[in-house]
$ cat input18.txt   # compact mmCIF, N, CA and C atoms
# COMPACT_ATOMS: atom_id res chain seq x y z
N GLY A 1 184.02 96.02 59.65
CA GLY A 1 185.00 95.59 58.67
C GLY A 1 186.24 94.99 59.29
N ALA A 2 186.64 95.50 60.46
CA ALA A 2 187.86 95.01 61.09
C ALA A 2 187.56 94.05 62.23
N GLY A 3 186.29 93.76 62.48
CA GLY A 3 185.90 92.92 63.60
C GLY A 3 185.98 91.44 63.31
N PHE A 4 185.74 90.67 64.37
CA PHE A 4 185.77 89.21 64.30
C PHE A 4 184.48 88.66 64.90
N THR A 5 184.00 87.56 64.35
CA THR A 5 182.86 86.84 64.90
C THR A 5 183.28 85.38 65.05
N PHE A 6 183.25 84.89 66.29
CA PHE A 6 183.70 83.52 66.59
C PHE A 6 185.13 83.29 66.12
N GLY A 7 185.97 84.32 66.19
CA GLY A 7 187.36 84.21 65.79
C GLY A 7 187.60 84.27 64.29
N ILE A 8 186.56 84.49 63.50
CA ILE A 8 186.68 84.57 62.05
C ILE A 8 186.47 86.03 61.63
N PRO A 9 187.37 86.58 60.80
CA PRO A 9 187.17 87.97 60.37
C PRO A 9 185.83 88.16 59.67
N ASN A 10 185.19 89.29 59.96
CA ASN A 10 183.89 89.58 59.35
C ASN A 10 183.97 89.64 57.83
N LEU A 11 185.10 90.08 57.29
CA LEU A 11 185.26 90.13 55.84
C LEU A 11 185.13 88.73 55.23
N VAL A 12 185.67 87.75 55.91
CA VAL A 12 185.59 86.37 55.42
C VAL A 12 184.14 85.88 55.50
N LEU A 13 183.45 86.25 56.57
CA LEU A 13 182.05 85.82 56.72
C LEU A 13 181.15 86.43 55.67
N VAL A 14 181.52 87.59 55.14
CA VAL A 14 180.74 88.20 54.07
C VAL A 14 181.16 87.63 52.71
N ALA A 15 182.47 87.41 52.54
CA ALA A 15 182.98 86.99 51.23
C ALA A 15 182.63 85.54 50.88
N LEU A 16 182.68 84.64 51.84
CA LEU A 16 182.45 83.22 51.55
C LEU A 16 181.07 82.93 50.96
N PRO A 17 179.99 83.45 51.54
CA PRO A 17 178.69 83.18 50.92
C PRO A 17 178.57 83.78 49.52
N ILE A 18 179.15 84.96 49.33
CA ILE A 18 179.11 85.59 48.00
C ILE A 18 179.87 84.74 47.00
N LEU A 19 181.05 84.26 47.39
CA LEU A 19 181.83 83.39 46.49
C LEU A 19 181.08 82.11 46.17
N ALA A 20 180.43 81.54 47.16
CA ALA A 20 179.67 80.30 46.93
C ALA A 20 178.52 80.54 45.96
N ILE A 21 177.82 81.65 46.12
CA ILE A 21 176.70 81.97 45.22
C ILE A 21 177.20 82.19 43.81
N VAL A 22 178.28 82.94 43.65
CA VAL A 22 178.82 83.20 42.31
C VAL A 22 179.29 81.89 41.68
N PHE A 23 179.94 81.04 42.46
CA PHE A 23 180.40 79.75 41.94
C PHE A 23 179.23 78.93 41.42
N VAL A 24 178.18 78.82 42.22
CA VAL A 24 177.01 78.03 41.82
C VAL A 24 176.36 78.62 40.58
N VAL A 25 176.21 79.94 40.54
CA VAL A 25 175.57 80.58 39.39
C VAL A 25 176.37 80.35 38.12
N LEU A 26 177.69 80.52 38.19
CA LEU A 26 178.51 80.36 36.99
C LEU A 26 178.62 78.90 36.56
N LYS A 27 178.65 78.00 37.52
CA LYS A 27 178.90 76.59 37.20
C LYS A 27 177.64 75.82 36.80
N TRP A 28 176.50 76.11 37.45
CA TRP A 28 175.36 75.23 37.30
C TRP A 28 174.06 75.89 36.86
N THR A 29 174.13 77.10 36.35
CA THR A 29 172.89 77.73 35.88
C THR A 29 172.99 78.08 34.40
N THR A 30 171.85 78.23 33.79
CA THR A 30 171.80 78.65 32.39
C THR A 30 172.38 80.04 32.24
N PHE A 31 172.10 80.90 33.21
CA PHE A 31 172.64 82.26 33.17
C PHE A 31 174.17 82.24 33.13
N GLY A 32 174.79 81.39 33.94
CA GLY A 32 176.24 81.27 33.95
C GLY A 32 176.80 80.78 32.62
N ARG A 33 176.14 79.77 32.04
CA ARG A 33 176.58 79.28 30.74
C ARG A 33 176.44 80.36 29.67
N HIS A 34 175.36 81.14 29.77
CA HIS A 34 175.18 82.24 28.81
C HIS A 34 176.27 83.29 28.96
N LEU A 35 176.69 83.55 30.19
CA LEU A 35 177.76 84.54 30.39
C LEU A 35 179.06 84.07 29.76
N TYR A 36 179.39 82.79 29.92
CA TYR A 36 180.60 82.27 29.28
C TYR A 36 180.47 82.33 27.76
N ALA A 37 179.28 82.04 27.25
CA ALA A 37 179.07 82.11 25.79
C ALA A 37 179.22 83.53 25.29
N ILE A 38 178.66 84.48 26.02
CA ILE A 38 178.77 85.89 25.62
C ILE A 38 180.22 86.34 25.67
N GLY A 39 180.94 85.90 26.69
CA GLY A 39 182.35 86.27 26.80
C GLY A 39 183.19 85.67 25.70
N GLY A 40 182.84 84.46 25.26
CA GLY A 40 183.60 83.82 24.19
C GLY A 40 183.34 84.44 22.84
N ASN A 41 182.07 84.68 22.52
CA ASN A 41 181.70 85.28 21.23
C ASN A 41 180.25 85.75 21.34
N ALA A 42 180.07 87.05 21.52
CA ALA A 42 178.73 87.59 21.75
C ALA A 42 177.82 87.39 20.54
N LEU A 43 178.37 87.51 19.35
CA LEU A 43 177.56 87.34 18.15
C LEU A 43 177.07 85.90 18.02
N ALA A 44 177.95 84.95 18.29
CA ALA A 44 177.55 83.54 18.24
C ALA A 44 176.52 83.23 19.33
N ALA A 45 176.69 83.83 20.51
CA ALA A 45 175.72 83.61 21.59
C ALA A 45 174.36 84.19 21.20
N LYS A 46 174.37 85.34 20.57
CA LYS A 46 173.10 85.95 20.13
C LYS A 46 172.44 85.08 19.06
N THR A 47 173.24 84.57 18.16
CA THR A 47 172.72 83.70 17.10
C THR A 47 172.13 82.42 17.70
N ALA A 48 172.72 81.94 18.79
CA ALA A 48 172.24 80.72 19.44
C ALA A 48 171.00 80.97 20.29
N GLY A 49 170.57 82.21 20.40
CA GLY A 49 169.33 82.49 21.12
C GLY A 49 169.51 83.12 22.49
N THR A 50 170.73 83.44 22.86
CA THR A 50 170.97 84.08 24.15
C THR A 50 170.60 85.56 24.06
N GLN A 51 169.93 86.06 25.08
CA GLN A 51 169.59 87.48 25.12
C GLN A 51 170.80 88.24 25.67
N VAL A 52 171.70 88.62 24.78
CA VAL A 52 172.99 89.18 25.16
C VAL A 52 172.82 90.48 25.93
N ARG A 53 172.04 91.39 25.41
CA ARG A 53 171.89 92.71 26.05
C ARG A 53 171.32 92.57 27.47
N ARG A 54 170.29 91.78 27.64
CA ARG A 54 169.68 91.59 28.95
C ARG A 54 170.66 90.97 29.93
N ASN A 55 171.38 89.94 29.50
CA ASN A 55 172.33 89.27 30.38
C ASN A 55 173.49 90.20 30.75
N LEU A 56 173.94 91.02 29.83
CA LEU A 56 175.01 91.96 30.15
C LEU A 56 174.55 93.01 31.15
N ILE A 57 173.33 93.51 30.99
CA ILE A 57 172.82 94.50 31.94
C ILE A 57 172.70 93.89 33.33
N ILE A 58 172.18 92.67 33.41
CA ILE A 58 172.07 91.98 34.70
C ILE A 58 173.46 91.80 35.32
N THR A 59 174.42 91.41 34.50
CA THR A 59 175.78 91.20 34.98
C THR A 59 176.40 92.49 35.50
N TYR A 60 176.20 93.59 34.78
CA TYR A 60 176.74 94.87 35.23
C TYR A 60 176.09 95.32 36.53
N VAL A 61 174.81 95.08 36.69
CA VAL A 61 174.14 95.43 37.94
C VAL A 61 174.69 94.59 39.09
N ILE A 62 174.87 93.30 38.87
CA ILE A 62 175.43 92.42 39.90
C ILE A 62 176.84 92.89 40.28
N CYS A 63 177.66 93.23 39.28
CA CYS A 63 179.02 93.71 39.56
C CYS A 63 178.99 95.01 40.35
N ALA A 64 178.06 95.90 40.03
CA ALA A 64 177.96 97.17 40.77
C ALA A 64 177.56 96.92 42.23
N VAL A 65 176.64 96.01 42.45
CA VAL A 65 176.23 95.69 43.83
C VAL A 65 177.40 95.08 44.60
N LEU A 66 178.12 94.16 43.99
CA LEU A 66 179.26 93.55 44.66
C LEU A 66 180.37 94.56 44.92
N ALA A 67 180.59 95.49 43.99
CA ALA A 67 181.60 96.54 44.20
C ALA A 67 181.18 97.46 45.34
N SER A 68 179.89 97.75 45.44
CA SER A 68 179.44 98.61 46.54
C SER A 68 179.59 97.91 47.89
N ILE A 69 179.35 96.60 47.93
CA ILE A 69 179.56 95.85 49.17
C ILE A 69 181.04 95.88 49.55
N ALA A 70 181.91 95.68 48.57
CA ALA A 70 183.35 95.72 48.83
C ALA A 70 183.79 97.11 49.30
N ALA A 71 183.25 98.15 48.69
CA ALA A 71 183.59 99.52 49.11
C ALA A 71 183.10 99.79 50.52
N TYR A 72 181.92 99.33 50.85
CA TYR A 72 181.39 99.50 52.20
C TYR A 72 182.29 98.81 53.22
N LEU A 73 182.71 97.58 52.94
CA LEU A 73 183.56 96.84 53.86
C LEU A 73 184.94 97.47 53.98
N LEU A 74 185.47 97.98 52.87
CA LEU A 74 186.78 98.64 52.90
C LEU A 74 186.71 99.92 53.73
N THR A 75 185.63 100.67 53.56
CA THR A 75 185.44 101.89 54.35
C THR A 75 185.27 101.56 55.82
N ALA A 76 184.51 100.51 56.11
CA ALA A 76 184.30 100.10 57.50
C ALA A 76 185.61 99.62 58.12
N ARG A 77 186.42 98.94 57.35
CA ARG A 77 187.68 98.42 57.88
C ARG A 77 188.66 99.54 58.19
N SER A 78 188.74 100.54 57.32
CA SER A 78 189.69 101.63 57.52
C SER A 78 189.15 102.72 58.44
N GLY A 79 187.83 102.82 58.54
CA GLY A 79 187.24 103.84 59.39
C GLY A 79 187.19 105.21 58.76
N SER A 80 187.48 105.30 57.47
CA SER A 80 187.42 106.58 56.77
C SER A 80 187.11 106.33 55.30
N GLY A 81 186.62 107.37 54.67
CA GLY A 81 186.34 107.27 53.24
C GLY A 81 187.13 108.29 52.46
N GLN A 82 187.74 107.86 51.38
CA GLN A 82 188.51 108.74 50.52
C GLN A 82 188.18 108.39 49.08
N PRO A 83 188.12 109.40 48.19
CA PRO A 83 187.75 109.09 46.81
C PRO A 83 188.77 108.25 46.06
N THR A 84 190.02 108.28 46.47
CA THR A 84 191.06 107.50 45.78
C THR A 84 191.36 106.18 46.49
N PHE A 85 190.58 105.87 47.51
CA PHE A 85 190.82 104.66 48.29
C PHE A 85 190.56 103.43 47.44
N GLY A 86 191.49 102.50 47.40
CA GLY A 86 191.29 101.26 46.67
C GLY A 86 191.66 101.34 45.20
N GLY A 87 192.35 102.41 44.79
CA GLY A 87 192.71 102.56 43.38
C GLY A 87 193.63 101.46 42.87
N ALA A 88 194.46 100.93 43.74
CA ALA A 88 195.39 99.88 43.32
C ALA A 88 194.71 98.53 43.20
N PHE A 89 193.50 98.40 43.71
CA PHE A 89 192.83 97.11 43.67
C PHE A 89 192.43 96.69 42.26
N ALA A 90 192.27 97.64 41.36
CA ALA A 90 191.90 97.28 39.99
C ALA A 90 193.00 96.44 39.35
N LEU A 91 194.25 96.88 39.47
CA LEU A 91 195.37 96.12 38.90
C LEU A 91 195.49 94.76 39.58
N GLN A 92 195.33 94.72 40.90
CA GLN A 92 195.43 93.46 41.61
C GLN A 92 194.30 92.51 41.22
N SER A 93 193.12 93.03 41.02
CA SER A 93 191.98 92.18 40.64
C SER A 93 192.19 91.56 39.27
N ILE A 94 192.60 92.36 38.32
CA ILE A 94 192.83 91.85 36.97
C ILE A 94 193.96 90.83 36.97
N THR A 95 195.04 91.14 37.68
CA THR A 95 196.18 90.23 37.75
C THR A 95 195.77 88.90 38.38
N ALA A 96 195.00 88.94 39.46
CA ALA A 96 194.57 87.71 40.13
C ALA A 96 193.68 86.88 39.22
N ALA A 97 192.78 87.53 38.48
CA ALA A 97 191.90 86.79 37.59
C ALA A 97 192.68 86.13 36.46
N VAL A 98 193.66 86.86 35.90
CA VAL A 98 194.45 86.30 34.80
C VAL A 98 195.33 85.16 35.30
N ILE A 99 195.94 85.33 36.46
CA ILE A 99 196.75 84.26 37.03
C ILE A 99 195.87 83.04 37.31
N GLY A 100 194.62 83.28 37.70
CA GLY A 100 193.69 82.20 37.99
C GLY A 100 193.11 81.51 36.77
N GLY A 101 193.46 81.98 35.57
CA GLY A 101 193.03 81.29 34.37
C GLY A 101 192.00 82.01 33.53
N ALA A 102 191.57 83.20 33.94
CA ALA A 102 190.60 83.95 33.15
C ALA A 102 191.30 84.55 31.93
N SER A 103 190.57 84.65 30.85
CA SER A 103 191.09 85.23 29.63
C SER A 103 190.62 86.68 29.54
N LEU A 104 191.52 87.56 29.14
CA LEU A 104 191.14 88.96 28.96
C LEU A 104 190.21 89.12 27.77
N GLN A 105 190.16 88.14 26.90
CA GLN A 105 189.27 88.19 25.74
C GLN A 105 187.91 87.59 26.06
N GLY A 106 187.77 86.96 27.22
CA GLY A 106 186.48 86.44 27.65
C GLY A 106 186.29 84.97 27.35
N GLY A 107 185.24 84.41 27.98
CA GLY A 107 184.86 83.03 27.70
C GLY A 107 185.54 81.98 28.53
N ARG A 108 186.52 82.36 29.34
CA ARG A 108 187.24 81.37 30.16
C ARG A 108 187.44 81.93 31.55
N GLY A 109 187.62 81.05 32.52
CA GLY A 109 187.90 81.45 33.89
C GLY A 109 186.90 80.84 34.83
N GLY A 110 187.09 81.11 36.10
CA GLY A 110 186.19 80.59 37.10
C GLY A 110 186.53 81.10 38.47
N VAL A 111 185.68 80.81 39.43
CA VAL A 111 185.84 81.32 40.78
C VAL A 111 187.04 80.66 41.47
N GLY A 112 187.18 79.35 41.31
CA GLY A 112 188.27 78.64 41.98
C GLY A 112 189.64 79.13 41.57
N GLY A 113 189.86 79.28 40.28
CA GLY A 113 191.14 79.78 39.81
C GLY A 113 191.40 81.21 40.26
N THR A 114 190.36 82.01 40.27
CA THR A 114 190.50 83.40 40.70
C THR A 114 190.87 83.47 42.17
N ILE A 115 190.29 82.61 42.99
CA ILE A 115 190.64 82.58 44.41
C ILE A 115 192.11 82.21 44.58
N LEU A 116 192.58 81.23 43.81
CA LEU A 116 194.00 80.88 43.88
C LEU A 116 194.87 82.04 43.41
N GLY A 117 194.42 82.76 42.39
CA GLY A 117 195.15 83.94 41.94
C GLY A 117 195.21 85.02 43.01
N VAL A 118 194.12 85.22 43.73
CA VAL A 118 194.09 86.20 44.82
C VAL A 118 195.06 85.79 45.92
N ILE A 119 195.07 84.52 46.27
CA ILE A 119 195.99 84.05 47.31
C ILE A 119 197.44 84.28 46.87
N PHE A 120 197.73 84.00 45.62
CA PHE A 120 199.09 84.21 45.11
C PHE A 120 199.47 85.69 45.17
N ILE A 121 198.55 86.57 44.75
CA ILE A 121 198.84 88.00 44.75
C ILE A 121 199.05 88.51 46.17
N MET A 122 198.25 88.02 47.11
CA MET A 122 198.41 88.45 48.51
C MET A 122 199.74 87.97 49.08
N LEU A 123 200.12 86.72 48.77
CA LEU A 123 201.42 86.21 49.24
C LEU A 123 202.56 87.00 48.62
N LEU A 124 202.43 87.32 47.35
CA LEU A 124 203.47 88.11 46.67
C LEU A 124 203.56 89.50 47.29
N GLY A 125 202.42 90.13 47.54
CA GLY A 125 202.42 91.46 48.15
C GLY A 125 203.02 91.45 49.54
N ASN A 126 202.66 90.44 50.35
CA ASN A 126 203.24 90.34 51.70
C ASN A 126 204.74 90.11 51.64
N GLY A 127 205.17 89.28 50.70
CA GLY A 127 206.61 89.04 50.55
C GLY A 127 207.36 90.30 50.16
N MET A 128 206.77 91.08 49.27
CA MET A 128 207.43 92.33 48.87
C MET A 128 207.43 93.35 50.01
N ASN A 129 206.39 93.32 50.86
CA ASN A 129 206.39 94.19 52.03
C ASN A 129 207.48 93.79 53.01
N PHE A 130 207.69 92.47 53.20
CA PHE A 130 208.75 92.01 54.08
C PHE A 130 210.13 92.39 53.54
N MET A 131 210.24 92.42 52.22
CA MET A 131 211.50 92.81 51.60
C MET A 131 211.66 94.33 51.56
N ARG A 132 210.65 95.05 52.01
CA ARG A 132 210.62 96.51 52.07
C ARG A 132 210.80 97.14 50.69
N LEU A 133 210.13 96.56 49.71
CA LEU A 133 210.16 97.15 48.37
C LEU A 133 209.24 98.36 48.32
N ASP A 134 209.61 99.33 47.53
CA ASP A 134 208.82 100.54 47.35
C ASP A 134 207.46 100.19 46.74
N THR A 135 206.44 100.97 47.04
CA THR A 135 205.10 100.73 46.52
C THR A 135 205.07 100.74 45.00
N ASN A 136 205.83 101.64 44.40
CA ASN A 136 205.89 101.70 42.93
C ASN A 136 206.51 100.43 42.36
N MET A 137 207.52 99.92 42.99
CA MET A 137 208.14 98.68 42.53
C MET A 137 207.17 97.49 42.68
N GLN A 138 206.34 97.51 43.73
CA GLN A 138 205.36 96.47 43.89
C GLN A 138 204.33 96.50 42.77
N SER A 139 203.90 97.70 42.37
CA SER A 139 202.95 97.83 41.27
C SER A 139 203.56 97.33 39.96
N ILE A 140 204.83 97.62 39.75
CA ILE A 140 205.50 97.14 38.54
C ILE A 140 205.57 95.61 38.54
N ALA A 141 205.90 95.03 39.70
CA ALA A 141 205.97 93.57 39.79
C ALA A 141 204.61 92.94 39.56
N LEU A 142 203.56 93.53 40.09
CA LEU A 142 202.21 92.99 39.88
C LEU A 142 201.78 93.13 38.42
N GLY A 143 202.13 94.24 37.82
CA GLY A 143 201.78 94.45 36.41
C GLY A 143 202.50 93.48 35.51

$ encode --input "input18.txt" --output "structure tokens"
Amino acid sequence: GAGFTFGIPNLVLVALPILAIVFVVLKWTTFGRHLYAIGGNALAAKTAGTQVRRNLIITYVICAVLASIAAYLLTARSGSGQPTFGGAFALQSITAAVIGGASLQGGRGGVGGTILGVIFIMLLGNGMNFMRLDTNMQSIALG
């Protein structure tokens, strides 16, 4: 998790292919279009012939696999495992997605905007660390 390969952090080498796959799936596949339709209006998507339940189950399984990969890398990077490790990442993830253009009501958003949101959140967090703001104040600012 904390290592480098050819001068590139291993986390980046794992994240880039995953981001590329998610981008392609959401942008250019029927499954991706169905996910946007379900997020916009599940009843309308079902009426249009989308198998809402099946697509949601597949999506939840994919999210669980990606979360387990992220947890594995976080544990490898820190060298220890704790049950409360990464608790603040939920707020940061939601904030980055919303800043990147995703709607909390569904049906909108994308990988590119979310990546820009993540970059913004990381820059904001680093800036607040340089300013020596308290962790609680940083959470309030992110919220």

$ atom_distance --input "input18.txt" --atom1 "atom CA of Val12 of chain A" --atom2 "atom CA of Ser93 of chain A"
17.1 Å

$ residues_around --input "input18.txt" --residues "Gly1 of chain A" --least-positions-apart "3" --cutoff "6 Å" --atoms "only N, CA and C atoms" --output "ChimeraX atom specification"
/A:10-11,73,76-77

$ residues_around --input "input18.txt" --residues "Ile115 of chain A" --least-positions-apart "6" --cutoff "8 Å" --atoms "all atoms listed in the file" --output "PyMOL selection string"
chain A and resi 96-97+99-100+121

$ write_last_selection --input "input18.txt" --atoms "N, CA and C atoms" --output "short mmCIF file (atom, residue, chain, number, x, y, z; two decimals), in the frame of the given file"
data_model
loop_
_atom_site.label_atom_id
_atom_site.label_comp_id
_atom_site.auth_asym_id
_atom_site.auth_seq_id
_atom_site.Cartn_x
_atom_site.Cartn_y
_atom_site.Cartn_z
N ALA A 96 195.00 88.94 39.46
CA ALA A 96 194.57 87.71 40.13
C ALA A 96 193.68 86.88 39.22
N ALA A 97 192.78 87.53 38.48
CA ALA A 97 191.90 86.79 37.59
C ALA A 97 192.68 86.13 36.46
N ILE A 99 195.94 85.33 36.46
CA ILE A 99 196.75 84.26 37.03
C ILE A 99 195.87 83.04 37.31
N GLY A 100 194.62 83.28 37.70
CA GLY A 100 193.69 82.20 37.99
C GLY A 100 193.11 81.51 36.77
N ILE A 121 198.55 86.57 44.75
CA ILE A 121 198.84 88.00 44.75
C ILE A 121 199.05 88.51 46.17
#

$ select_by_dssp --input "input18.txt" --residues "segment 70-133 of chain A" --states "helix (DSSP H, G or I)" --output "PyMOL selection string"
chain A and resi 70-78+89-99+111-130

$ residues_around --input "input18.txt" --residues "Gln138 of chain A" --least-positions-apart "5" --cutoff "8 Å" --atoms "only N, CA and C atoms" --output "ChimeraX atom specification"
/A:124-125,128-129,133,143

$ decode --input "input18.txt" --residues "segment 90-100 of chain A" --atoms "all heavy atoms" --output "PDB file, in the first residue's frame"
ATOM      1  N   ALA A  90     -16.293   8.444   4.475  1.00  0.00           N
ATOM      2  CA  ALA A  90     -17.663   8.485   3.950  1.00  0.00           C
ATOM      3  C   ALA A  90     -18.069   9.922   3.638  1.00  0.00           C
ATOM      4  O   ALA A  90     -18.592  10.200   2.549  1.00  0.00           O
ATOM      5  CB  ALA A  90     -18.623   7.857   4.950  1.00  0.00           C
ATOM      6  N   LEU A  91     -17.825  10.842   4.579  1.00  0.00           N
ATOM      7  CA  LEU A  91     -18.161  12.248   4.353  1.00  0.00           C
ATOM      8  C   LEU A  91     -17.352  12.807   3.189  1.00  0.00           C
ATOM      9  O   LEU A  91     -17.891  13.508   2.329  1.00  0.00           O
ATOM     10  CB  LEU A  91     -17.906  13.070   5.619  1.00  0.00           C
ATOM     11  CG  LEU A  91     -18.090  14.583   5.487  1.00  0.00           C
ATOM     12  CD1 LEU A  91     -19.543  14.918   5.167  1.00  0.00           C
ATOM     13  CD2 LEU A  91     -17.642  15.286   6.756  1.00  0.00           C
ATOM     14  N   GLN A  92     -16.068  12.476   3.121  1.00  0.00           N
ATOM     15  CA  GLN A  92     -15.233  12.971   2.040  1.00  0.00           C
ATOM     16  C   GLN A  92     -15.683  12.421   0.689  1.00  0.00           C
ATOM     17  O   GLN A  92     -15.668  13.142  -0.309  1.00  0.00           O
ATOM     18  CB  GLN A  92     -13.773  12.594   2.290  1.00  0.00           C
ATOM     19  CG  GLN A  92     -13.151  13.317   3.455  1.00  0.00           C
ATOM     20  CD  GLN A  92     -11.724  12.866   3.724  1.00  0.00           C
ATOM     21  OE1 GLN A  92     -11.231  11.942   3.099  1.00  0.00           O
ATOM     22  NE2 GLN A  92     -11.070  13.524   4.664  1.00  0.00           N
ATOM     23  N   SER A  93     -16.087  11.180   0.649  1.00  0.00           N
ATOM     24  CA  SER A  93     -16.536  10.569  -0.607  1.00  0.00           C
ATOM     25  C   SER A  93     -17.799  11.236  -1.123  1.00  0.00           C
ATOM     26  O   SER A  93     -17.908  11.560  -2.311  1.00  0.00           O
ATOM     27  CB  SER A  93     -16.799   9.081  -0.408  1.00  0.00           C
ATOM     28  OG  SER A  93     -15.663   8.423   0.046  1.00  0.00           O
ATOM     29  N   ILE A  94     -18.760  11.430  -0.245  1.00  0.00           N
ATOM     30  CA  ILE A  94     -20.017  12.061  -0.647  1.00  0.00           C
ATOM     31  C   ILE A  94     -19.766  13.496  -1.086  1.00  0.00           C
ATOM     32  O   ILE A  94     -20.288  13.949  -2.120  1.00  0.00           O
ATOM     33  CB  ILE A  94     -21.047  11.995   0.493  1.00  0.00           C
ATOM     34  CG1 ILE A  94     -21.429  10.536   0.758  1.00  0.00           C
ATOM     35  CG2 ILE A  94     -22.272  12.831   0.181  1.00  0.00           C
ATOM     36  CD1 ILE A  94     -22.213  10.327   2.039  1.00  0.00           C
ATOM     37  N   THR A  95     -18.947  14.218  -0.331  1.00  0.00           N
ATOM     38  CA  THR A  95     -18.639  15.602  -0.668  1.00  0.00           C
ATOM     39  C   THR A  95     -17.955  15.691  -2.032  1.00  0.00           C
ATOM     40  O   THR A  95     -18.303  16.541  -2.861  1.00  0.00           O
ATOM     41  CB  THR A  95     -17.751  16.235   0.417  1.00  0.00           C
ATOM     42  OG1 THR A  95     -18.387  16.102   1.683  1.00  0.00           O
ATOM     43  CG2 THR A  95     -17.497  17.698   0.132  1.00  0.00           C
ATOM     44  N   ALA A  96     -16.994  14.809  -2.286  1.00  0.00           N
ATOM     45  CA  ALA A  96     -16.282  14.829  -3.570  1.00  0.00           C
ATOM     46  C   ALA A  96     -17.217  14.523  -4.722  1.00  0.00           C
ATOM     47  O   ALA A  96     -17.148  15.168  -5.776  1.00  0.00           O
ATOM     48  CB  ALA A  96     -15.132  13.817  -3.543  1.00  0.00           C
ATOM     49  N   ALA A  97     -18.124  13.569  -4.534  1.00  0.00           N
ATOM     50  CA  ALA A  97     -19.059  13.230  -5.603  1.00  0.00           C
ATOM     51  C   ALA A  97     -20.006  14.389  -5.895  1.00  0.00           C
ATOM     52  O   ALA A  97     -20.290  14.700  -7.063  1.00  0.00           O
ATOM     53  CB  ALA A  97     -19.848  11.976  -5.230  1.00  0.00           C
ATOM     54  N   VAL A  98     -20.498  15.049  -4.844  1.00  0.00           N
ATOM     55  CA  VAL A  98     -21.424  16.167  -5.041  1.00  0.00           C
ATOM     56  C   VAL A  98     -20.707  17.352  -5.683  1.00  0.00           C
ATOM     57  O   VAL A  98     -21.239  17.992  -6.597  1.00  0.00           O
ATOM     58  CB  VAL A  98     -22.091  16.567  -3.706  1.00  0.00           C
ATOM     59  CG1 VAL A  98     -22.855  17.868  -3.829  1.00  0.00           C
ATOM     60  CG2 VAL A  98     -23.018  15.455  -3.238  1.00  0.00           C
ATOM     61  N   ILE A  99     -19.490  17.638  -5.232  1.00  0.00           N
ATOM     62  CA  ILE A  99     -18.719  18.718  -5.849  1.00  0.00           C
ATOM     63  C   ILE A  99     -18.447  18.389  -7.317  1.00  0.00           C
ATOM     64  O   ILE A  99     -18.445  19.271  -8.177  1.00  0.00           O
ATOM     65  CB  ILE A  99     -17.397  18.956  -5.079  1.00  0.00           C
ATOM     66  CG1 ILE A  99     -17.699  19.624  -3.747  1.00  0.00           C
ATOM     67  CG2 ILE A  99     -16.418  19.797  -5.888  1.00  0.00           C
ATOM     68  CD1 ILE A  99     -16.508  19.766  -2.838  1.00  0.00           C
ATOM     69  N   GLY A 100     -18.257  17.110  -7.615  1.00  0.00           N
ATOM     70  CA  GLY A 100     -17.991  16.676  -8.987  1.00  0.00           C
ATOM     71  C   GLY A 100     -19.209  16.645  -9.883  1.00  0.00           C
ATOM     72  O   GLY A 100     -19.111  16.318 -11.058  1.00  0.00           O
TER      73      GLY A 100
END
